[in-house]
Amino acid sequence: MRATSARFVKVAVLGAGGGIGQPLSLLLKHHKDVTQLNIYDVKGAPGVAADLSHISTSSKVVGFGAEQLAEAVTGVDLVLIPAGVPRKPGMTRDDLFNTNANIVQTLASAVGKNSPKAIIGVISNPVNSTVPVAAEALKKAGAYDPRKLFGVTTLDLVRARTFVSEAIGKAPVEVDVPVIGGHSGETIVPLLSKYPELSAEQVKALTHRIQFGGDEVVKAKDGAGSATLSMAYAAAEFADAAIRALKGEQGVAVYTFVKSEVNPKCEYFSSLVELGKEGVAKTLPVPKLNAFEEDLLEKCVDGLVKNIQKGAAFANK
Ligand code: NAD
Ligand code: LMR
């Protein structure tokens, strides 16, 4: 039987010992509606769980080691997957594919077998391909519900909000930039026409910065990995939306990478969706694009279609 009622929310973090997993788990331990937090990693999970368990918030923290994947994902409502290798300078997200596709396949399959009704947020890169990998693994487990599988693209929204707020001199909380498409370079399409006060030069520069913000962090970390703290913040924002919807709040909407009919060429696409207790409840219309954005979208679709095909082909080989 599932643990969810109006009052209980069990969350599992898979890859919880890593650069994203640890701060994400900390933020979730602090979430008022999380009643149990399952910490799973192939390395270090018991230590992270013991550490978190001393924090005086009411959620229960349980650690699961390498051999305890099935237990870690049994009876959970929401699973977040930041397991996998991050980029080093000079690498693309696609270079992570071989390693991370295997990891995501294993983890999604375990969720499908043990918690077929759980909502899953895939963080592991390349998201454009790991989401189709997870979808195929869930199909094989007989547990695929397209409403419940998400690629977490929230960091693109967080970056867009930050960079645009700095450019127009407003507080980030007052700014909400739509970002559609995928999560990698030119597949990330920010719709900056919402802010007509930006000049054409600013739009060009901001678009590039939002699309390649990940590279900025990879370069600055100089071999020590990619974005972890901003990603944990973004994933916690995504998790909060999913939890509020699970608890019955109406009108919770997020930009996220899901199976979609928004773009006829892309089986999965990030756009604004309204969440409900069973995952995606409604796909909301994409704002009207101007010529610059139409051009961005064309470039996005070229790359995104290939990334999606690569994920699906891996899973079915
Ligand atoms: P990290 O190396 O610091 O942590 C990854 C963790 O995954 C490690 O603790 C490792 O032990 C664990 N792990 C490896 N195989 C596992 C398995 N089979 N089961 C469970 N855990 C396993 O890396 P990180 O910086 O936390 O990044 C993790 C992933 O997130 C990378 O693929 C990175 O590219 C991606 N990422 C995505 C976004 C996004 O916007 N979606 C943003 C930043 C990073
Ligand atoms: C990001 O956007 O920061 C992540 O996808 C990590 C990366 O590899 O850039």
# chains A, B, ... in the order shown; residues from 1 in each chain; ligands from 1
$ residues_around --residues "stretch 128-137 of chain A" --least-positions-apart "2" --cutoff "6 Å" --atoms "only C-alpha atoms" --output "PyMOL selection string"
chain A and resi 101+105+108-109+126+139-140+151+182+307-308+311-312+315
$ closest_atom_pairs --of "stretch 80-161 of chain A" --to "stretch 36-44 of chain A" --cutoff "10 Å" --atoms "only C-alpha atoms" --output "JSON lines"
{"residue": "A:Ile81", "atom": "CA", "partner": "A:Tyr40", "partner_atom": "CA", "distance": 9.8}
{"residue": "A:Pro82", "atom": "CA", "partner": "A:Asp41", "partner_atom": "CA", "distance": 9.9}
{"residue": "A:Ala83", "atom": "CA", "partner": "A:Asp41", "partner_atom": "CA", "distance": 7.7}
$ write_last_selection --atoms "all heavy atoms" --output "compact mmCIF listing (two decimals), in the first residue's frame"
# COMPACT_ATOMS: atom_id res chain seq x y z
N ILE A 81 16.32 11.94 -8.70
CA ILE A 81 17.49 11.16 -9.12
C ILE A 81 18.64 12.08 -9.56
O ILE A 81 18.72 12.47 -10.74
CB ILE A 81 17.13 10.18 -10.27
CG1 ILE A 81 15.90 9.34 -9.89
CG2 ILE A 81 18.32 9.30 -10.62
CD1 ILE A 81 15.53 8.24 -10.90
N PRO A 82 19.54 12.42 -8.64
CA PRO A 82 20.76 13.13 -9.05
C PRO A 82 21.97 12.20 -9.11
O PRO A 82 23.11 12.66 -9.01
CB PRO A 82 20.92 14.19 -7.94
CG PRO A 82 20.36 13.53 -6.72
CD PRO A 82 19.37 12.46 -7.17
N ALA A 83 21.75 10.90 -9.30
CA ALA A 83 22.87 9.94 -9.35
C ALA A 83 23.55 10.00 -10.70
O ALA A 83 22.88 10.05 -11.74
CB ALA A 83 22.34 8.53 -9.10
$ residues_around --residues "A:Lys204" --least-positions-apart "6" --cutoff "10 Å" --atoms "only C-alpha atoms" --output "PDB file with C-alpha atoms, in the first residue's frame"
ATOM      1  CA  LEU A 192      12.780  36.837 -23.128  1.00  0.00           C
ATOM      2  CA  LEU A 198      15.472  44.360 -22.655  1.00  0.00           C
ATOM      3  CA  PHE A 292      14.158  35.510 -32.676  1.00  0.00           C
TER       4      PHE A 292
END
$ atom_distance --atom1 "atom CA of A:Ala241" --atom2 "atom CA of A:Leu96"
28.0 Å
$ residues_near_ligand --ligand "ligand 2" --cutoff "9 Å" --atoms "only C-alpha atoms and all ligand atoms" --output "ChimeraX atom specification"
/A:86-88,91-93,96,123-127,153,155-156,183-185,210-218,225-228,230-231
$ residues_around --residues "A:Ile55" --least-positions-apart "2" --cutoff "12 Å" --atoms "only C-alpha atoms" --output "ChimeraX atom specification"
/A:25-31,48-53,57-61
$ write_last_selection --atoms "N, CA and C atoms" --output "mmCIF file, in the first residue's frame"
data_model
loop_
_atom_site.group_PDB
_atom_site.id
_atom_site.type_symbol
_atom_site.label_atom_id
_atom_site.label_comp_id
_atom_site.auth_asym_id
_atom_site.auth_seq_id
_atom_site.Cartn_x
_atom_site.Cartn_y
_atom_site.Cartn_z
ATOM 1 N N SER A 25 19.150 16.941 -0.148
ATOM 2 C CA SER A 25 18.584 16.209 0.988
ATOM 3 C C SER A 25 18.432 17.140 2.195
ATOM 4 N N LEU A 26 19.391 18.030 2.364
ATOM 5 C CA LEU A 26 19.289 19.002 3.467
ATOM 6 C C LEU A 26 18.042 19.880 3.294
ATOM 7 N N LEU A 27 17.827 20.370 2.064
ATOM 8 C CA LEU A 27 16.655 21.228 1.821
ATOM 9 C C LEU A 27 15.359 20.437 2.034
ATOM 10 N N LEU A 28 15.366 19.163 1.636
ATOM 11 C CA LEU A 28 14.156 18.351 1.811
ATOM 12 C C LEU A 28 13.924 18.017 3.285
ATOM 13 N N LYS A 29 15.002 17.851 4.023
ATOM 14 C CA LYS A 29 14.870 17.593 5.475
ATOM 15 C C LYS A 29 14.194 18.792 6.152
ATOM 16 N N HIS A 30 14.369 19.946 5.540
ATOM 17 C CA HIS A 30 13.821 21.193 6.080
ATOM 18 C C HIS A 30 12.386 21.434 5.591
ATOM 19 N N HIS A 31 11.907 20.611 4.644
ATOM 20 C CA HIS A 31 10.570 20.856 4.067
ATOM 21 C C HIS A 31 9.495 20.415 5.049
ATOM 22 N N VAL A 48 25.585 10.216 5.430
ATOM 23 C CA VAL A 48 24.760 11.393 5.121
ATOM 24 C C VAL A 48 23.448 11.304 5.910
ATOM 25 N N ALA A 49 22.880 10.093 5.966
ATOM 26 C CA ALA A 49 21.604 9.918 6.669
ATOM 27 C C ALA A 49 21.774 10.169 8.169
ATOM 28 N N ALA A 50 22.870 9.651 8.743
ATOM 29 C CA ALA A 50 23.094 9.847 10.186
ATOM 30 C C ALA A 50 23.227 11.339 10.495
ATOM 31 N N ASP A 51 23.977 12.032 9.657
ATOM 32 C CA ASP A 51 24.186 13.469 9.831
ATOM 33 C C ASP A 51 22.846 14.221 9.766
ATOM 34 N N LEU A 52 22.079 13.964 8.702
ATOM 35 C CA LEU A 52 20.792 14.663 8.531
ATOM 36 C C LEU A 52 19.817 14.344 9.662
ATOM 37 N N SER A 53 19.909 13.110 10.179
ATOM 38 C CA SER A 53 18.914 12.672 11.170
ATOM 39 C C SER A 53 19.023 13.440 12.490
ATOM 40 N N THR A 57 14.074 18.803 12.587
ATOM 41 C CA THR A 57 12.795 18.944 11.882
ATOM 42 C C THR A 57 12.097 17.593 12.000
ATOM 43 N N SER A 58 10.770 17.563 11.744
ATOM 44 C CA SER A 58 10.057 16.351 12.147
ATOM 45 C C SER A 58 10.193 15.166 11.208
ATOM 46 N N SER A 59 10.709 15.337 9.995
ATOM 47 C CA SER A 59 10.790 14.185 9.094
ATOM 48 C C SER A 59 11.790 13.138 9.590
ATOM 49 N N LYS A 60 11.461 11.886 9.265
ATOM 50 C CA LYS A 60 12.343 10.775 9.628
ATOM 51 C C LYS A 60 13.318 10.559 8.462
ATOM 52 N N VAL A 61 14.599 10.364 8.784
ATOM 53 C CA VAL A 61 15.597 10.121 7.731
ATOM 54 C C VAL A 61 16.062 8.676 7.825
#
$ atom_distance --atom1 "atom 19 (N, counted along the ligand's line) of ligand 1" --atom2 "atom CA of A:Gly112"
15.1 Å
$ closest_residue --among "A:Val273, A:Leu191, A:Thr35, A:Leu24" --to "A:Ala232" --atoms "only C-alpha atoms"
A:Leu24
$ closest_residue --among "A:Ile168, A:Ala235, A:Ala70, A:Ala205" --to "ligand 1" --atoms "only C-alpha atoms and all ligand atoms"
A:Ala235
$ atom_distance --atom1 "atom CA of A:Val177" --atom2 "atom CA of A:Glu293"
13.1 Å
$ select_by_dssp --residues "stretch 148-279 of chain A" --states "strand (DSSP E)" --output "short mmCIF file (atom, residue, chain, number, x, y, z; two decimals) with all heavy atoms, in the first residue's frame"
data_model
loop_
_atom_site.label_atom_id
_atom_site.label_comp_id
_atom_site.auth_asym_id
_atom_site.auth_seq_id
_atom_site.Cartn_x
_atom_site.Cartn_y
_atom_site.Cartn_z
N LEU A 149 6.58 11.18 -14.92
CA LEU A 149 8.03 11.18 -15.17
C LEU A 149 8.45 12.57 -15.65
O LEU A 149 7.95 13.05 -16.67
CB LEU A 149 8.38 10.12 -16.22
CG LEU A 149 9.86 10.10 -16.63
CD1 LEU A 149 10.76 9.73 -15.44
CD2 LEU A 149 10.07 9.12 -17.78
N PHE A 150 9.39 13.16 -14.94
CA PHE A 150 9.81 14.54 -15.21
C PHE A 150 11.32 14.65 -15.36
O PHE A 150 12.07 14.04 -14.59
CB PHE A 150 9.42 15.45 -14.03
CG PHE A 150 7.94 15.50 -13.77
CD1 PHE A 150 7.35 14.57 -12.93
CD2 PHE A 150 7.15 16.46 -14.37
CE1 PHE A 150 5.98 14.60 -12.69
CE2 PHE A 150 5.78 16.51 -14.14
CZ PHE A 150 5.20 15.57 -13.30
N GLY A 151 11.76 15.43 -16.32
CA GLY A 151 13.15 15.87 -16.36
C GLY A 151 13.20 17.21 -15.65
O GLY A 151 12.40 18.12 -15.94
N VAL A 179 11.01 29.27 -19.95
CA VAL A 179 12.13 28.59 -20.65
C VAL A 179 11.58 27.25 -21.12
O VAL A 179 11.13 26.43 -20.31
CB VAL A 179 13.35 28.37 -19.73
CG1 VAL A 179 14.51 27.76 -20.53
CG2 VAL A 179 13.81 29.66 -19.06
N ILE A 180 11.64 27.03 -22.43
CA ILE A 180 11.05 25.81 -22.99
C ILE A 180 12.13 24.99 -23.70
O ILE A 180 13.27 25.42 -23.82
CB ILE A 180 9.89 26.15 -23.96
CG1 ILE A 180 10.40 26.99 -25.16
CG2 ILE A 180 8.77 26.88 -23.25
CD1 ILE A 180 9.36 27.17 -26.27
N GLY A 181 11.76 23.79 -24.16
CA GLY A 181 12.68 22.98 -24.97
C GLY A 181 13.28 21.82 -24.19
O GLY A 181 12.57 20.95 -23.71
N ILE A 188 17.98 24.70 -24.91
CA ILE A 188 17.35 25.54 -23.87
C ILE A 188 16.85 26.82 -24.56
O ILE A 188 17.65 27.56 -25.14
CB ILE A 188 18.36 25.88 -22.76
CG1 ILE A 188 18.89 24.60 -22.08
CG2 ILE A 188 17.76 26.85 -21.75
CD1 ILE A 188 20.09 24.82 -21.16
N VAL A 189 15.55 27.07 -24.50
CA VAL A 189 14.99 28.23 -25.22
C VAL A 189 14.29 29.19 -24.25
O VAL A 189 13.13 28.99 -23.87
CB VAL A 189 13.99 27.75 -26.31
CG1 VAL A 189 13.39 28.95 -27.04
CG2 VAL A 189 14.67 26.81 -27.29
N PRO A 190 15.01 30.25 -23.83
CA PRO A 190 14.37 31.24 -22.95
C PRO A 190 13.52 32.20 -23.78
O PRO A 190 13.93 32.60 -24.87
CB PRO A 190 15.56 31.98 -22.33
CG PRO A 190 16.77 31.59 -23.10
CD PRO A 190 16.42 30.55 -24.11
N VAL A 252 -0.83 24.46 -9.19
CA VAL A 252 0.64 24.47 -9.08
C VAL A 252 1.20 24.22 -10.48
O VAL A 252 0.94 23.18 -11.09
CB VAL A 252 1.14 23.37 -8.12
CG1 VAL A 252 2.66 23.38 -8.05
CG2 VAL A 252 0.53 23.52 -6.74
N ALA A 253 1.97 25.18 -10.99
CA ALA A 253 2.47 25.04 -12.37
C ALA A 253 3.99 25.17 -12.40
O ALA A 253 4.56 26.00 -11.71
CB ALA A 253 1.84 26.09 -13.26
N VAL A 254 4.64 24.29 -13.17
CA VAL A 254 6.10 24.32 -13.31
C VAL A 254 6.50 24.08 -14.77
O VAL A 254 5.80 23.39 -15.50
CB VAL A 254 6.81 23.23 -12.45
CG1 VAL A 254 6.76 23.54 -10.99
CG2 VAL A 254 6.27 21.83 -12.73
N TYR A 255 7.64 24.66 -15.15
CA TYR A 255 8.25 24.31 -16.43
C TYR A 255 9.07 23.05 -16.18
O TYR A 255 9.93 23.01 -15.29
CB TYR A 255 9.17 25.44 -16.93
CG TYR A 255 8.40 26.54 -17.60
CD1 TYR A 255 7.85 27.58 -16.85
CD2 TYR A 255 8.19 26.54 -18.97
CE1 TYR A 255 7.13 28.60 -17.46
CE2 TYR A 255 7.47 27.54 -19.60
CZ TYR A 255 6.94 28.56 -18.83
OH TYR A 255 6.22 29.55 -19.45
N THR A 256 8.83 22.02 -16.98
CA THR A 256 9.54 20.76 -16.78
C THR A 256 9.47 19.92 -18.06
O THR A 256 8.58 20.10 -18.88
CB THR A 256 8.97 20.01 -15.55
OG1 THR A 256 9.61 18.74 -15.43
CG2 THR A 256 7.49 19.78 -15.66
N PHE A 257 10.44 19.01 -18.18
CA PHE A 257 10.62 18.20 -19.39
C PHE A 257 9.79 16.93 -19.26
O PHE A 257 10.13 16.05 -18.45
CB PHE A 257 12.11 17.88 -19.51
CG PHE A 257 12.54 17.23 -20.79
CD1 PHE A 257 12.51 17.92 -21.99
CD2 PHE A 257 13.03 15.94 -20.79
CE1 PHE A 257 12.96 17.33 -23.18
CE2 PHE A 257 13.48 15.34 -21.95
CZ PHE A 257 13.44 16.04 -23.15
N VAL A 258 8.72 16.85 -20.05
CA VAL A 258 7.79 15.72 -19.93
C VAL A 258 7.39 15.22 -21.31
O VAL A 258 7.62 15.89 -22.31
CB VAL A 258 6.48 16.15 -19.20
CG1 VAL A 258 6.69 16.31 -17.72
CG2 VAL A 258 5.90 17.42 -19.81
N LYS A 259 6.77 14.06 -21.33
CA LYS A 259 6.17 13.59 -22.60
C LYS A 259 5.11 14.61 -22.96
O LYS A 259 4.31 15.00 -22.11
CB LYS A 259 5.55 12.21 -22.40
CG LYS A 259 5.03 11.65 -23.71
CD LYS A 259 4.89 10.15 -23.59
CE LYS A 259 4.06 9.56 -24.71
NZ LYS A 259 4.56 9.84 -26.05
N TYR A 268 9.37 14.42 -26.08
CA TYR A 268 9.48 15.03 -24.74
C TYR A 268 9.88 16.49 -24.95
O TYR A 268 10.71 16.81 -25.84
CB TYR A 268 10.55 14.33 -23.89
CG TYR A 268 10.29 12.85 -23.73
CD1 TYR A 268 10.77 11.94 -24.67
CD2 TYR A 268 9.55 12.37 -22.65
CE1 TYR A 268 10.52 10.59 -24.55
CE2 TYR A 268 9.30 11.02 -22.52
CZ TYR A 268 9.79 10.13 -23.47
OH TYR A 268 9.54 8.79 -23.34
N PHE A 269 9.34 17.36 -24.12
CA PHE A 269 9.58 18.79 -24.33
C PHE A 269 9.31 19.48 -23.00
O PHE A 269 8.41 19.08 -22.26
CB PHE A 269 8.60 19.30 -25.40
CG PHE A 269 8.96 20.63 -26.00
CD1 PHE A 269 9.93 20.73 -26.98
CD2 PHE A 269 8.31 21.78 -25.56
CE1 PHE A 269 10.25 21.96 -27.55
CE2 PHE A 269 8.63 23.01 -26.12
CZ PHE A 269 9.60 23.11 -27.11
N SER A 270 10.11 20.49 -22.71
CA SER A 270 9.87 21.24 -21.48
C SER A 270 8.98 22.43 -21.77
O SER A 270 9.25 23.24 -22.65
CB SER A 270 11.20 21.72 -20.89
OG SER A 270 10.95 22.33 -19.63
N SER A 271 7.88 22.50 -21.02
CA SER A 271 6.99 23.66 -21.11
C SER A 271 6.23 23.72 -19.78
O SER A 271 6.48 22.91 -18.89
CB SER A 271 6.05 23.54 -22.31
OG SER A 271 5.13 22.51 -22.10
N LEU A 272 5.33 24.69 -19.69
CA LEU A 272 4.62 24.88 -18.41
C LEU A 272 3.49 23.86 -18.27
O LEU A 272 2.63 23.78 -19.15
CB LEU A 272 4.07 26.31 -18.35
CG LEU A 272 3.48 26.77 -17.01
CD1 LEU A 272 4.53 26.74 -15.90
CD2 LEU A 272 2.89 28.17 -17.13
N VAL A 273 3.54 23.10 -17.17
CA VAL A 273 2.45 22.14 -16.92
C VAL A 273 1.88 22.37 -15.53
O VAL A 273 2.58 22.79 -14.62
CB VAL A 273 2.92 20.66 -17.05
CG1 VAL A 273 3.43 20.35 -18.45
CG2 VAL A 273 3.98 20.31 -16.01
N GLU A 274 0.58 22.09 -15.43
CA GLU A 274 -0.05 22.18 -14.11
C GLU A 274 -0.01 20.79 -13.48
O GLU A 274 -0.27 19.80 -14.15
CB GLU A 274 -1.50 22.63 -14.30
CG GLU A 274 -2.08 23.28 -13.06
CD GLU A 274 -3.42 23.91 -13.37
OE1 GLU A 274 -3.45 24.93 -14.11
OE2 GLU A 274 -4.43 23.35 -12.89
N LEU A 275 0.37 20.75 -12.22
CA LEU A 275 0.51 19.47 -11.52
C LEU A 275 -0.72 19.17 -10.67
O LEU A 275 -1.36 20.09 -10.14
CB LEU A 275 1.75 19.50 -10.62
CG LEU A 275 3.08 19.80 -11.29
CD1 LEU A 275 4.20 19.84 -10.23
CD2 LEU A 275 3.41 18.76 -12.35
N GLY A 276 -1.00 17.88 -10.56
CA GLY A 276 -2.06 17.43 -9.67
C GLY A 276 -1.54 16.26 -8.84
O GLY A 276 -0.34 15.96 -8.86
N GLY A 279 0.46 13.70 -10.94
CA GLY A 279 1.48 14.23 -11.85
C GLY A 279 0.92 15.32 -12.75
O GLY A 279 0.14 16.16 -12.28
#
$ select_by_dssp --residues "stretch 45-284 of chain A" --states "helix (DSSP H, G or I)" --output "JSON, numbers by chain"
{"A": [45, 46, 47, 48, 49, 50, 51, 52, 53, 66, 67, 68, 69, 70, 71, 72, 73, 93, 94, 95, 96, 97, 98, 99, 100, 101, 102, 103, 104, 105, 106, 107, 108, 109, 110, 111, 112, 113, 114, 127, 128, 129, 130, 131, 132, 133, 134, 135, 136, 137, 138, 139, 140, 146, 147, 148, 154, 155, 156, 157, 158, 159, 160, 161, 162, 163, 164, 165, 166, 167, 168, 172, 173, 174, 185, 186, 187, 192, 193, 194, 200, 201, 202, 203, 204, 205, 206, 207, 208, 209, 210, 211, 213, 214, 215, 216, 217, 218, 219, 220, 221, 229, 230, 231, 232, 233, 234, 235, 236, 237, 238, 239, 240, 241, 242, 243, 244, 245, 246]}
$ residues_around --residues "A:Leu229" --least-positions-apart "4" --cutoff "8 Å" --atoms "only C-alpha atoms" --output "mmCIF file with C-alpha atoms, in the first residue's frame"
data_model
loop_
_atom_site.group_PDB
_atom_site.id
_atom_site.type_symbol
_atom_site.label_atom_id
_atom_site.label_comp_id
_atom_site.auth_asym_id
_atom_site.auth_seq_id
_atom_site.Cartn_x
_atom_site.Cartn_y
_atom_site.Cartn_z
ATOM 1 C CA GLY A 19 27.392 17.136 -4.765
ATOM 2 C CA ILE A 20 23.712 17.736 -5.532
ATOM 3 C CA PRO A 23 22.379 19.821 -0.236
ATOM 4 C CA TYR A 233 18.013 24.787 -4.817
#
$ closest_residue --among "A:Gly142, A:Gly63, A:Pro116, A:Gly84" --to "ligand 1" --atoms "only C-alpha atoms and all ligand atoms"
A:Gly84
$ closest_residue --among "A:Gly47, A:Gly21, A:Pro287, A:Pro264" --to "A:Val305" --atoms "only C-alpha atoms"
A:Pro264
